[in-house]
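To start, the structure under review is shown below, and the notes come after it.
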Amino acid sequence: MDFDSPTSLVVLSPHYDDAALSLGLTLLQAAREEVTVHIVNVYTLSAYAPHAEAEGVVAVSLLRAQEDESFAAWLPGAMTDDLGRRDSPLQGAR
C-alpha cells in the first residue's frame with residue numbers, strides 16, 4: 001500500500017485483536033511512514049479468551065485490553081480507544 005498522501009488512518013476493529021490479526025503489517029507500514037494510526041475497538045467487554053487462564057468478564061476484558069496495548073506499542077505513534085460495548089454472547093436474547 002502507498003501511504004504517501006494520508007496523514008491519519010482510523011481503523012474500526014470489532015474486537016481487540018481483529019486489527020492486529022487482520023491488518024498488523026499494513027498498520028505497521030503506515031505507522032513507519034508517519035501516518036497516525038488510530039484503532040477504535042468496538043466490542044471490548046468479553047468473557048472469551050481461548051487458551052488464556054483469565055476467567056470472567058472483568059479479567060478477560062483486562063487481559064485483552066493489555067494485549068491490544070502491547071500491539072499498539074509496536075506501532076510508532078499509534079492510538080487506541082475502545083467503545084466498551086458488550087460482545088454478542090454477553091448481550092443476551094432480546
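Naming works like this for the C-alpha cells: A, B, ... for the chains as they're shown, residue 1 at the start of each chain, ligands 1 onward in shown order.
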Requested in this report: Considering only C-alpha atoms, return as a list in words whatever protein or nucleic-acid residues lie within 10 Å of Leu45 (chain A), sequence-local ones (same chain, fewer than 3 positions apart) excluded.
Outcome: His15, Tyr16, Val42, Tyr48, Val57, Val58, Ala59, Val60, Ser61, Leu62, Arg64, Ala65, Asp82, Leu83, Gly84, Arg85, Arg86, Asp87, Ser88 and Leu90 of chain A
Could those residues be written to a file, using N, CA and C atoms, as a PDB file, in the first residue's frame?
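Wrote it out as out.pdb, contents follow:
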ATOM      1  N   HIS A  15     -13.237  -6.283  17.583  1.00  0.00           N
ATOM      2  CA  HIS A  15     -12.734  -6.769  18.876  1.00  0.00           C
ATOM      3  C   HIS A  15     -11.270  -6.366  19.004  1.00  0.00           C
ATOM      4  N   TYR A  16     -10.736  -6.471  20.202  1.00  0.00           N
ATOM      5  CA  TYR A  16      -9.364  -6.047  20.440  1.00  0.00           C
ATOM      6  C   TYR A  16      -8.347  -6.614  19.466  1.00  0.00           C
ATOM      7  N   VAL A  42     -14.547  -1.857  19.166  1.00  0.00           N
ATOM      8  CA  VAL A  42     -15.970  -1.682  19.456  1.00  0.00           C
ATOM      9  C   VAL A  42     -16.441  -2.588  20.588  1.00  0.00           C
ATOM     10  N   TYR A  48     -14.561 -14.159  26.495  1.00  0.00           N
ATOM     11  CA  TYR A  48     -13.952 -15.135  25.603  1.00  0.00           C
ATOM     12  C   TYR A  48     -12.459 -14.850  25.445  1.00  0.00           C
ATOM     13  N   VAL A  57     -15.749 -11.745  32.911  1.00  0.00           N
ATOM     14  CA  VAL A  57     -15.750 -10.583  32.022  1.00  0.00           C
ATOM     15  C   VAL A  57     -14.649  -9.590  32.377  1.00  0.00           C
ATOM     16  N   VAL A  58     -14.498  -9.266  33.640  1.00  0.00           N
ATOM     17  CA  VAL A  58     -13.508  -8.257  34.038  1.00  0.00           C
ATOM     18  C   VAL A  58     -12.088  -8.730  33.713  1.00  0.00           C
ATOM     19  N   ALA A  59     -11.747  -9.949  34.112  1.00  0.00           N
ATOM     20  CA  ALA A  59     -10.398 -10.467  33.886  1.00  0.00           C
ATOM     21  C   ALA A  59     -10.092 -10.627  32.401  1.00  0.00           C
ATOM     22  N   VAL A  60     -11.041 -11.173  31.657  1.00  0.00           N
ATOM     23  CA  VAL A  60     -10.831 -11.380  30.221  1.00  0.00           C
ATOM     24  C   VAL A  60     -10.722 -10.043  29.499  1.00  0.00           C
ATOM     25  N   SER A  61     -11.596  -9.114  29.817  1.00  0.00           N
ATOM     26  CA  SER A  61     -11.566  -7.803  29.157  1.00  0.00           C
ATOM     27  C   SER A  61     -10.252  -7.082  29.445  1.00  0.00           C
ATOM     28  N   LEU A  62      -9.774  -7.165  30.676  1.00  0.00           N
ATOM     29  CA  LEU A  62      -8.498  -6.546  31.036  1.00  0.00           C
ATOM     30  C   LEU A  62      -7.344  -7.200  30.295  1.00  0.00           C
ATOM     31  N   ARG A  64      -7.420  -8.793  27.430  1.00  0.00           N
ATOM     32  CA  ARG A  64      -7.481  -8.442  26.007  1.00  0.00           C
ATOM     33  C   ARG A  64      -7.087  -6.984  25.777  1.00  0.00           C
ATOM     34  N   ALA A  65      -7.422  -6.103  26.711  1.00  0.00           N
ATOM     35  CA  ALA A  65      -7.010  -4.696  26.612  1.00  0.00           C
ATOM     36  C   ALA A  65      -5.489  -4.581  26.694  1.00  0.00           C
ATOM     37  N   ASP A  82     -11.482   2.341  23.049  1.00  0.00           N
ATOM     38  CA  ASP A  82     -12.486   1.287  22.994  1.00  0.00           C
ATOM     39  C   ASP A  82     -13.832   1.887  23.356  1.00  0.00           C
ATOM     40  N   LEU A  83     -14.861   1.336  22.731  1.00  0.00           N
ATOM     41  CA  LEU A  83     -16.213   1.830  22.938  1.00  0.00           C
ATOM     42  C   LEU A  83     -16.925   1.134  24.084  1.00  0.00           C
ATOM     43  N   GLY A  84     -16.309   0.091  24.634  1.00  0.00           N
ATOM     44  CA  GLY A  84     -16.860  -0.572  25.811  1.00  0.00           C
ATOM     45  C   GLY A  84     -18.176  -1.289  25.586  1.00  0.00           C
ATOM     46  N   ARG A  85     -18.444  -1.695  24.376  1.00  0.00           N
ATOM     47  CA  ARG A  85     -19.679  -2.430  24.095  1.00  0.00           C
ATOM     48  C   ARG A  85     -19.502  -3.891  24.478  1.00  0.00           C
ATOM     49  N   ARG A  86     -20.598  -4.532  24.871  1.00  0.00           N
ATOM     50  CA  ARG A  86     -20.570  -5.947  25.249  1.00  0.00           C
ATOM     51  C   ARG A  86     -20.527  -6.827  23.994  1.00  0.00           C
ATOM     52  N   ASP A  87     -19.674  -7.832  24.023  1.00  0.00           N
ATOM     53  CA  ASP A  87     -19.594  -8.814  22.946  1.00  0.00           C
ATOM     54  C   ASP A  87     -20.912  -9.555  22.848  1.00  0.00           C
ATOM     55  N   SER A  88     -21.228 -10.084  21.698  1.00  0.00           N
ATOM     56  CA  SER A  88     -22.539 -10.718  21.434  1.00  0.00           C
ATOM     57  C   SER A  88     -22.986 -11.717  22.495  1.00  0.00           C
ATOM     58  N   LEU A  90     -22.561 -11.769  25.532  1.00  0.00           N
ATOM     59  CA  LEU A  90     -22.906 -11.082  26.776  1.00  0.00           C
ATOM     60  C   LEU A  90     -24.183 -10.242  26.641  1.00  0.00           C
TER      61      LEU A  90
END
Report task. Write down as a PyMOL selection string the residues of chain A whose backbone DSSP state falls under helix (DSSP H, G or I). Result -> chain A and resi 18-32+57-73+88-91
Keeping C-alpha atoms, export the residues of the selection given above as an mmCIF file, in the first residue's frame.
data_model
loop_
_atom_site.group_PDB
_atom_site.id
_atom_site.type_symbol
_atom_site.label_atom_id
_atom_site.label_comp_id
_atom_site.auth_asym_id
_atom_site.auth_seq_id
_atom_site.Cartn_x
_atom_site.Cartn_y
_atom_site.Cartn_z
ATOM 1 C CA ASP A 18 -9.023 -8.011 14.982
ATOM 2 C CA ALA A 19 -6.918 -5.054 13.802
ATOM 3 C CA ALA A 20 -3.707 -6.834 14.785
ATOM 4 C CA LEU A 21 -4.682 -10.133 13.157
ATOM 5 C CA SER A 22 -6.200 -8.636 10.008
ATOM 6 C CA LEU A 23 -4.093 -5.546 9.358
ATOM 7 C CA GLY A 24 -0.995 -5.837 11.533
ATOM 8 C CA LEU A 25 1.661 -5.431 8.859
ATOM 9 C CA THR A 26 -0.332 -2.814 6.961
ATOM 10 C CA LEU A 27 -0.713 -0.749 10.136
ATOM 11 C CA LEU A 28 2.994 -1.120 10.881
ATOM 12 C CA GLN A 29 3.869 0.114 7.392
ATOM 13 C CA ALA A 30 1.523 3.086 7.765
ATOM 14 C CA ALA A 31 2.958 3.991 11.175
ATOM 15 C CA ARG A 32 6.513 3.740 9.851
ATOM 16 C CA VAL A 57 -15.750 -10.583 32.022
ATOM 17 C CA VAL A 58 -13.508 -8.257 34.038
ATOM 18 C CA ALA A 59 -10.398 -10.467 33.886
ATOM 19 C CA VAL A 60 -10.831 -11.380 30.221
ATOM 20 C CA SER A 61 -11.566 -7.803 29.157
ATOM 21 C CA LEU A 62 -8.498 -6.546 31.036
ATOM 22 C CA LEU A 63 -6.290 -9.245 29.508
ATOM 23 C CA ARG A 64 -7.481 -8.442 26.007
ATOM 24 C CA ALA A 65 -7.010 -4.696 26.612
ATOM 25 C CA GLN A 66 -3.422 -5.338 27.719
ATOM 26 C CA GLU A 67 -2.768 -7.420 24.605
ATOM 27 C CA ASP A 68 -4.148 -4.589 22.473
ATOM 28 C CA GLU A 69 -1.939 -2.031 24.225
ATOM 29 C CA SER A 70 1.087 -4.248 23.542
ATOM 30 C CA PHE A 71 0.198 -4.406 19.861
ATOM 31 C CA ALA A 72 -0.338 -0.631 19.653
ATOM 32 C CA ALA A 73 3.034 -0.030 21.322
ATOM 33 C CA SER A 88 -22.539 -10.718 21.434
ATOM 34 C CA PRO A 89 -22.619 -13.612 23.925
ATOM 35 C CA LEU A 90 -22.906 -11.082 26.776
ATOM 36 C CA GLN A 91 -25.828 -9.219 25.214
#
Query raised in the report: DSSP says strand (DSSP E) for which residues of region 24-82 of chain A? Put them as a ChimeraX atom specification?
Result: /A:36-45,79-82
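Picture a line from CA of Asp81 (chain A) to CA of Asn41 (chain A); it runs 6.2 Å.
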